[in-house]
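Novice: Have a look at the structure that comes next, please.
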Amino acid sequence: MTASESMATDRPDDLPLPPGPNSYPVVGNTLGFLRDPFAFYDSLDDYGDVVSYSVAGEEFCTLLHPDYVEQVLVTEESKFGKSDFVQDAGERFVGNGLFASEGEFWRRQRTLIQPAFYRERIESYTEPMVEFAADAANSWIDGETVRIDEVMKRLTLRILSKALFDLDIRNQQSAIRDAVNAINEKGDAGSVDAFLPDWVPTATNRQFRRATDQFDDVIGTLIEKRRGDPPGDDFLSILLHATDERGEGMSDKTLRDEMATFLFAGHETTALALTYCWYLLATNPGVRGKLNDELDSVLDGDTPTMADLRDLKYTDKVVTEALRLYPPAYVVFRQTKEDVNVGGYRIPAGTSLTFPQFLIHTDDRWYDDPDEFRPERWTPEFENSLPDYAYFPFGGGPRHCIGMRFANAEIRIVLATIARRIEFDRVAGGDLDLRMGTTLEPTDPIEMTVVKR
Ligand code: HEM
């Protein structure tokens, strides 16, 4: 039975439950999962494309076929909500922001916020993207060793803070950075803390609460200060002046939650995408040579503009391929609101569904030599032949990433601005080890040597 045939009409209660790894009484599959989440996920396809198991008292079902991803995110999306598990984990920091909220409130907020992501707006943010990336490139000395993961986080946080608050936080980012780091610690999938409520007094939880309190103070002061200001171009200003059809705006709490959501969703993700681009370029000199040729011929010594992005076709493929191999948001979560039929199996109401991009993006049913970094594979013919949800680094359907356009512009602009002047060589090290935090992160620092071109 093909995936699309099995999505047909059988009533869920007549169907079998999905298969899955053996589970132990009480703990289910928790120990296997915590021991090595990657090995655990890798073992799931032994059971097919719809696999069930339980972790930390939560029933999970992982879907590994693009058709099922499309069914849940798009065609039958109303049968699924955001996962309680994810909402509980993020609640203290992102509150009821766009990422976590549901129903009418989410719809209202998405409509009010959307204009901040219109193409013209994104275009106005490209100036600080170029300027801050060029500042970073200027600050490095030939032969110097930098921690590329840290450097990219600082750079994307500086860019995002400018776009969100019209603040240049080059030298004063601690409250914002601490909050983001603390929530990441808590979200580490290999750690027990990820499954504990915030009130349990572990060291991680205490640090998390301190950091979010401090963050609330900073944002609260900023909102208060800005309430009386005339409209500006930054997100906070746009949101402060946005009103719905009844003429109502957002409360301080709603604004705080949205700002925390953007900050969290939009800084680490793009920093990681860039980090993986630099890593892949340093370890694939042939690709790096082609990228250099394109940057030299298209930019001809200038900094890139939004208009140049259209001509930077190879740069685009490099980023697309990096997001395939190392998707920073590596798993999308949903929860069934009712019993549903997926792939001929009954998924009971209340089950947490996961779609791991890092597995679907490297499935040899859709990609030849799936583990190889080959930007050339992204020809129009290949894209047409690919099932829609075999590639979804930004999710899909009504809840797809609202920041996609911003992120796509930022990653390409920063990459082009820096790579036209600098190459990074990898300081000797082993393979790239990853961990499943709130995002897909390198386990160890990634050090690189700056080589001026
Ligand atoms: C490489 C960078 C990024 C990646 C890989 C990424 C990935 C994703 C994914 C997969 C989702 C869907 C989650 C789901 O369906 O449950 C999402 C949602 C979201 N992203 Fe991004 N994102 C990125 C950058 C950004 C940026 C720059 C912003 C904001 C400035 C942002 C803000 C959001 C928000 C607010 C949502 C929730 C949207 C909603 O539910 O209506 N993201 N992102």
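Naming scheme: A, B, ... for chains in displayed order of the structure tokens; residues 1 onward per chain; ligands 1 onward as shown.
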Just want the residues within 6 Å of ligand 1, written as a list in words, counting only C-alpha atoms and all ligand atoms.

Specialist: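 So, counting only C-alpha atoms and all ligand atoms, the residues near ligand 1 are Leu98, Phe99, Arg110, Thr261, Phe262, Ala265, Gly266, Thr269, Thr270, Ala273, Pro327, Pro328, Ala329, Val332, Phe333, Pro393, Phe394, Gly395, Arg399, His400, Cys401, Ile402, Gly403, Met404, Phe406 and Ala407 of chain A.
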
Novice: Keeping only C-alpha atoms, write the selected residues to a file as a PDB file, in the first residue's frame.

Specialist:
```pdb
ATOM      1  CA  LEU A  98       2.764  33.075  17.909  1.00  0.00           C
ATOM      2  CA  PHE A  99       4.719  29.813  18.117  1.00  0.00           C
ATOM      3  CA  ARG A 110      -0.682  36.038  12.785  1.00  0.00           C
ATOM      4  CA  THR A 261       9.038  34.326  20.532  1.00  0.00           C
ATOM      5  CA  PHE A 262      10.769  36.170  17.685  1.00  0.00           C
ATOM      6  CA  ALA A 265      12.759  31.518  17.093  1.00  0.00           C
ATOM      7  CA  GLY A 266      14.800  33.895  14.963  1.00  0.00           C
ATOM      8  CA  THR A 269      18.126  29.130  14.092  1.00  0.00           C
ATOM      9  CA  THR A 270      19.784  31.481  11.604  1.00  0.00           C
ATOM     10  CA  ALA A 273      22.223  27.661   9.575  1.00  0.00           C
ATOM     11  CA  PRO A 327      17.990  21.625   9.666  1.00  0.00           C
ATOM     12  CA  PRO A 328      18.303  23.895  12.755  1.00  0.00           C
ATOM     13  CA  ALA A 329      14.631  23.253  13.677  1.00  0.00           C
ATOM     14  CA  VAL A 332       8.179  19.550  14.028  1.00  0.00           C
ATOM     15  CA  PHE A 333       5.711  18.562  16.759  1.00  0.00           C
ATOM     16  CA  PRO A 393      13.193  23.196   6.984  1.00  0.00           C
ATOM     17  CA  PHE A 394      10.600  25.922   7.683  1.00  0.00           C
ATOM     18  CA  GLY A 395       7.646  23.597   8.376  1.00  0.00           C
ATOM     19  CA  ARG A 399       1.779  27.399  10.849  1.00  0.00           C
ATOM     20  CA  HIS A 400       4.840  27.541   8.601  1.00  0.00           C
ATOM     21  CA  CYS A 401       7.682  29.772   9.749  1.00  0.00           C
ATOM     22  CA  ILE A 402       6.573  33.399   9.571  1.00  0.00           C
ATOM     23  CA  GLY A 403      10.243  34.438   9.637  1.00  0.00           C
ATOM     24  CA  MET A 404      11.201  32.333   6.587  1.00  0.00           C
ATOM     25  CA  PHE A 406      13.720  37.171   6.847  1.00  0.00           C
ATOM     26  CA  ALA A 407      15.875  34.101   7.568  1.00  0.00           C
TER      27      ALA A 407
END
```

Novice: Quick one: pick out all helix (DSSP H, G or I) residues within region 137-352 of chain A from a backbone DSSP run and write them as a PyMOL selection string.

Specialist: chain A and resi 137-139+148-165+174-186+192-195+203-226+235-241+252-282+285-299+306-309+313-325

Novice: Would you pick out the contacts of region 46-58 of chain A at 9 Å or less, using only C-alpha atoms, so that residues sharing its chain but fewer than 2 positions from it are not included, and give the list as a PyMOL selection string?

Specialist: chain A and resi 3+17-23+26-31+33-34+42-44+60-65+68+85+195+342-343+345+347+351-352

Novice: Please produce an output containing N, CA and C atoms for each residue in the selection, written as a short mmCIF file (atom, residue, chain, number, x, y, z; two decimals), in the first residue's frame.

Specialist:
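Wrote it out as result_14.cif, contents follow:
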```
data_model
loop_
_atom_site.label_atom_id
_atom_site.label_comp_id
_atom_site.auth_asym_id
_atom_site.auth_seq_id
_atom_site.Cartn_x
_atom_site.Cartn_y
_atom_site.Cartn_z
N ALA A 3 1.76 5.37 0.44
CA ALA A 3 1.38 6.30 1.50
C ALA A 3 0.06 6.98 1.18
N LEU A 17 -3.15 -0.08 15.80
CA LEU A 17 -2.23 0.96 16.28
C LEU A 17 -0.89 0.80 15.55
N PRO A 18 -0.11 1.86 15.42
CA PRO A 18 1.17 1.73 14.70
C PRO A 18 2.15 0.84 15.47
N PRO A 19 3.04 0.19 14.73
CA PRO A 19 4.08 -0.61 15.41
C PRO A 19 5.14 0.32 16.02
N GLY A 20 6.04 -0.27 16.81
CA GLY A 20 7.11 0.54 17.40
C GLY A 20 8.03 -0.33 18.23
N PRO A 21 9.11 0.26 18.73
CA PRO A 21 10.07 -0.51 19.55
C PRO A 21 9.41 -1.01 20.83
N ASN A 22 9.94 -2.14 21.36
CA ASN A 22 9.42 -2.66 22.62
C ASN A 22 9.51 -1.60 23.70
N SER A 23 8.46 -1.58 24.53
CA SER A 23 8.49 -0.55 25.56
C SER A 23 8.36 -1.23 26.91
N VAL A 26 5.89 1.33 32.81
CA VAL A 26 6.09 2.64 33.44
C VAL A 26 7.00 3.56 32.62
N VAL A 27 8.26 3.15 32.39
CA VAL A 27 9.20 4.08 31.74
C VAL A 27 9.05 4.09 30.22
N GLY A 28 8.32 3.11 29.67
CA GLY A 28 8.16 3.08 28.22
C GLY A 28 9.50 2.99 27.52
N ASN A 29 9.79 3.93 26.60
CA ASN A 29 11.06 3.92 25.87
C ASN A 29 11.98 5.04 26.34
N THR A 30 11.68 5.59 27.52
CA THR A 30 12.40 6.78 27.99
C THR A 30 13.91 6.55 28.07
N LEU A 31 14.31 5.41 28.63
CA LEU A 31 15.75 5.23 28.85
C LEU A 31 16.50 5.14 27.52
N PHE A 33 15.64 6.42 24.75
CA PHE A 33 15.63 7.74 24.13
C PHE A 33 16.69 8.64 24.76
N LEU A 34 16.70 8.68 26.10
CA LEU A 34 17.65 9.59 26.78
C LEU A 34 19.09 9.15 26.56
N ASP A 42 17.13 6.90 14.74
CA ASP A 42 17.62 6.12 13.58
C ASP A 42 17.00 4.73 13.52
N SER A 43 16.67 4.19 14.70
CA SER A 43 16.15 2.82 14.72
C SER A 43 14.66 2.78 14.32
N LEU A 44 14.00 3.94 14.24
CA LEU A 44 12.55 3.92 14.07
C LEU A 44 12.11 3.39 12.71
N PHE A 60 4.08 9.01 21.90
CA PHE A 60 4.60 9.66 20.69
C PHE A 60 4.34 8.81 19.46
N CYS A 61 4.24 9.47 18.31
CA CYS A 61 4.21 8.75 17.05
C CYS A 61 5.05 9.56 16.06
N THR A 62 6.04 8.91 15.47
CA THR A 62 6.90 9.60 14.51
C THR A 62 6.48 9.23 13.09
N LEU A 63 6.35 10.25 12.24
CA LEU A 63 5.95 10.02 10.84
C LEU A 63 7.15 10.28 9.94
N LEU A 64 7.45 9.32 9.07
CA LEU A 64 8.68 9.41 8.29
C LEU A 64 8.44 9.55 6.79
N HIS A 65 7.16 9.71 6.39
CA HIS A 65 6.88 9.83 4.95
C HIS A 65 6.36 11.24 4.64
N TYR A 68 2.63 11.95 4.77
CA TYR A 68 1.99 12.07 6.09
C TYR A 68 2.27 13.43 6.71
N PHE A 85 3.32 19.02 25.02
CA PHE A 85 4.67 18.77 25.47
C PHE A 85 5.59 19.95 25.13
N PHE A 195 12.09 17.21 30.39
CA PHE A 195 10.80 16.60 30.68
C PHE A 195 10.24 17.00 32.04
N VAL A 342 -3.59 7.66 10.01
CA VAL A 342 -2.40 8.04 9.25
C VAL A 342 -1.74 6.76 8.77
N GLY A 343 -1.62 6.64 7.45
CA GLY A 343 -0.93 5.48 6.88
C GLY A 343 -1.60 4.16 7.18
N TYR A 345 -3.06 3.42 10.01
CA TYR A 345 -2.99 3.15 11.45
C TYR A 345 -3.87 4.14 12.21
N ILE A 347 -4.15 6.62 15.11
CA ILE A 347 -3.35 7.39 16.08
C ILE A 347 -4.35 7.99 17.07
N THR A 351 -2.09 12.01 21.16
CA THR A 351 -0.72 11.53 20.86
C THR A 351 0.13 12.69 20.34
N SER A 352 1.39 12.76 20.79
CA SER A 352 2.32 13.75 20.24
C SER A 352 2.93 13.19 18.96
#
```

Novice: Excluding Phe264 (chain A) and any residue of its chain fewer than 3 positions from it, enumerate the residues within 8 Å of it, using only C-alpha atoms, and give them as a PyMOL selection string.

Specialist: chain A and resi 94+180+260-261+267-268

Novice: For Phe38 (chain A), which of A:Pro66, A:Pro231, A:Gly249, A:Pro356 is the closest residue, counting only C-alpha atoms?

Specialist: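 Closest to Phe38 (chain A) of all the choices is A:Pro356.
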
Novice: Which residues are near region 113-119 of chain A? Cut-off 12 Å, only C-alpha atoms, ignore same chain within fewer than 6 positions. Put them as a PyMOL selection string.

Specialist: chain A and resi 97-98+106-107+125-126+163-164+232-244+249-250+254-255+258-259+262+306-307+401-409

Novice: Just want the 10 Å neighbourhood of Ser78 (chain A), counted on only C-alpha atoms, with same-chain residues fewer than 3 positions away dropped. Output as a JSON list (two decimals) with C-alpha atoms, in the first residue's frame.

Specialist:
```
[["chain", "number", "residue", "atom", "x", "y", "z"],
["A", 72, "VAL", "CA", -0.89, 16.65, 9.19],
["A", 73, "LEU", "CA", 0.55, 20.09, 8.42],
["A", 74, "VAL", "CA", -1.67, 20.95, 5.46],
["A", 75, "THR", "CA", -4.55, 18.81, 4.20],
["A", 81, "GLY", "CA", -2.88, 21.15, 17.47],
["A", 103, "GLY", "CA", -7.26, 29.03, 17.60],
["A", 336, "THR", "CA", -3.83, 14.74, 17.62],
["A", 337, "LYS", "CA", -7.12, 16.38, 18.75]]
```

Novice: I'd like the interatomic distance between CA of Glu150 (chain A) and CA of Val318 (chain A), to a tenth of an Å.

Specialist: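 The value is 21.2 Å.
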
Novice: Write out as a list of chain:residue names which residues come within 12 Å of Glu127 (chain A) when counting only C-alpha atoms, dropping same-chain ones fewer than 3 positions away.

Specialist: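 Skipping anything fewer than 3 positions along the chain leaves A:Arg121, A:Ile122, A:Glu123, A:Ser124, A:Val130, A:Glu131, A:Phe132, A:Ala133, A:Ala134, A:Ile159, A:Lys162, A:Ala163, A:Thr303, A:Pro304, A:Thr305, A:Met306, A:Ala409, A:Glu410, A:Ile413, A:Val414, A:Thr417.
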
Novice: In terms of the shortest atom-to-atom distance over only C-alpha atoms, which of A:Ile360, A:Ile411, A:Val450, A:Ile418 is closest to Tyr391 (chain A)?

Specialist: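 Ranking A:Ile360, A:Ile411, A:Val450, A:Ile418 by distance to Tyr391 (chain A), first place goes to A:Ile360.
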
Novice: Could you please determine the separation between CA of Val319 (chain A) and CA of Thr145 (chain A) in Å, to one decimal place?

Specialist: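 Here the two named atoms are 23.6 Å from each other.
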
Novice: Choose the residue, out of A:Ser251, A:Thr156, A:Thr221, A:Thr362, that has the smallest atom-to-atom separation from Leu274 (chain A); count only C-alpha atoms.

Specialist: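 Closest residue, counting only C-alpha atoms: A:Thr156.
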
Novice: Using only C-alpha atoms for the distances, tell me which of A:Pro375, A:Pro25, A:Gly286, A:Gly350 is nearest to Lys313 (chain A).

Specialist: A:Pro375

Novice: DSSP on the backbone, then: every residue of region 47-128 of chain A marked strand (DSSP E), written as a list in words.

Specialist: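 Here is the list: Val50, Val51, Ser52, Tyr53, Ser54, Val55, Glu58, Glu59, Phe60, Cys61, Thr62, Leu63, Phe80 and Gly81 of chain A.
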
Novice: Print the selection's residues with N, CA, C and O atoms to a file, as an mmCIF file, in the first residue's frame.

Specialist:
```
data_model
loop_
_atom_site.group_PDB
_atom_site.id
_atom_site.type_symbol
_atom_site.label_atom_id
_atom_site.label_comp_id
_atom_site.auth_asym_id
_atom_site.auth_seq_id
_atom_site.Cartn_x
_atom_site.Cartn_y
_atom_site.Cartn_z
ATOM 1 N N VAL A 50 5.256 4.961 10.094
ATOM 2 C CA VAL A 50 4.404 5.455 11.192
ATOM 3 C C VAL A 50 4.774 4.617 12.414
ATOM 4 O O VAL A 50 4.512 3.413 12.453
ATOM 5 N N VAL A 51 5.436 5.224 13.385
ATOM 6 C CA VAL A 51 6.046 4.441 14.469
ATOM 7 C C VAL A 51 5.650 5.019 15.820
ATOM 8 O O VAL A 51 5.792 6.226 16.042
ATOM 9 N N SER A 52 5.166 4.153 16.717
ATOM 10 C CA SER A 52 4.742 4.685 18.019
ATOM 11 C C SER A 52 5.648 4.206 19.146
ATOM 12 O O SER A 52 6.270 3.145 19.065
ATOM 13 N N TYR A 53 5.730 5.010 20.205
ATOM 14 C CA TYR A 53 6.549 4.699 21.380
ATOM 15 C C TYR A 53 6.149 5.667 22.481
ATOM 16 O O TYR A 53 5.335 6.582 22.241
ATOM 17 N N SER A 54 6.706 5.466 23.680
ATOM 18 C CA SER A 54 6.349 6.425 24.741
ATOM 19 C C SER A 54 7.609 6.888 25.470
ATOM 20 O O SER A 54 8.519 6.092 25.727
ATOM 21 N N VAL A 55 7.669 8.198 25.738
ATOM 22 C CA VAL A 55 8.816 8.770 26.456
ATOM 23 C C VAL A 55 8.272 9.668 27.556
ATOM 24 O O VAL A 55 7.408 10.518 27.301
ATOM 25 N N GLU A 58 4.604 10.211 27.959
ATOM 26 C CA GLU A 58 3.937 10.874 26.828
ATOM 27 C C GLU A 58 3.897 9.872 25.661
ATOM 28 O O GLU A 58 4.902 9.206 25.399
ATOM 29 N N GLU A 59 2.714 9.734 25.014
ATOM 30 C CA GLU A 59 2.643 8.824 23.856
ATOM 31 C C GLU A 59 3.101 9.582 22.615
ATOM 32 O O GLU A 59 2.594 10.665 22.316
ATOM 33 N N PHE A 60 4.076 9.013 21.897
ATOM 34 C CA PHE A 60 4.603 9.658 20.695
ATOM 35 C C PHE A 60 4.344 8.814 19.461
ATOM 36 O O PHE A 60 4.256 7.581 19.538
ATOM 37 N N CYS A 61 4.243 9.470 18.311
ATOM 38 C CA CYS A 61 4.209 8.752 17.045
ATOM 39 C C CYS A 61 5.049 9.560 16.060
ATOM 40 O O CYS A 61 4.822 10.765 15.892
ATOM 41 N N THR A 62 6.038 8.913 15.466
ATOM 42 C CA THR A 62 6.903 9.603 14.507
ATOM 43 C C THR A 62 6.484 9.230 13.090
ATOM 44 O O THR A 62 6.261 8.055 12.794
ATOM 45 N N LEU A 63 6.349 10.246 12.237
ATOM 46 C CA LEU A 63 5.948 10.025 10.842
ATOM 47 C C LEU A 63 7.150 10.279 9.942
ATOM 48 O O LEU A 63 7.789 11.333 10.042
ATOM 49 N N PHE A 80 -5.246 18.600 14.134
ATOM 50 C CA PHE A 80 -4.018 18.550 14.946
ATOM 51 C C PHE A 80 -3.753 19.909 15.576
ATOM 52 O O PHE A 80 -3.995 20.952 14.959
ATOM 53 N N GLY A 81 -3.257 19.893 16.818
ATOM 54 C CA GLY A 81 -2.876 21.154 17.469
ATOM 55 C C GLY A 81 -1.391 21.137 17.745
ATOM 56 O O GLY A 81 -0.687 20.168 17.430
#
```

Novice: Go through A:Leu155, A:Glu447, A:Gly220, A:Trp140 and flag the residue nearest Arg177 (chain A), using only C-alpha atoms for the distances.

Specialist: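 Counting only C-alpha atoms, the residue closest to Arg177 (chain A) is A:Leu155.
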
Novice: Please determine, counting only C-alpha atoms, which residue among A:Arg35, A:Glu423, A:Phe93, A:Glu77 has the shortest atom-to-atom distance to Ala282 (chain A).

Specialist: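 Counting only C-alpha atoms, the residue closest to Ala282 (chain A) is A:Glu423.
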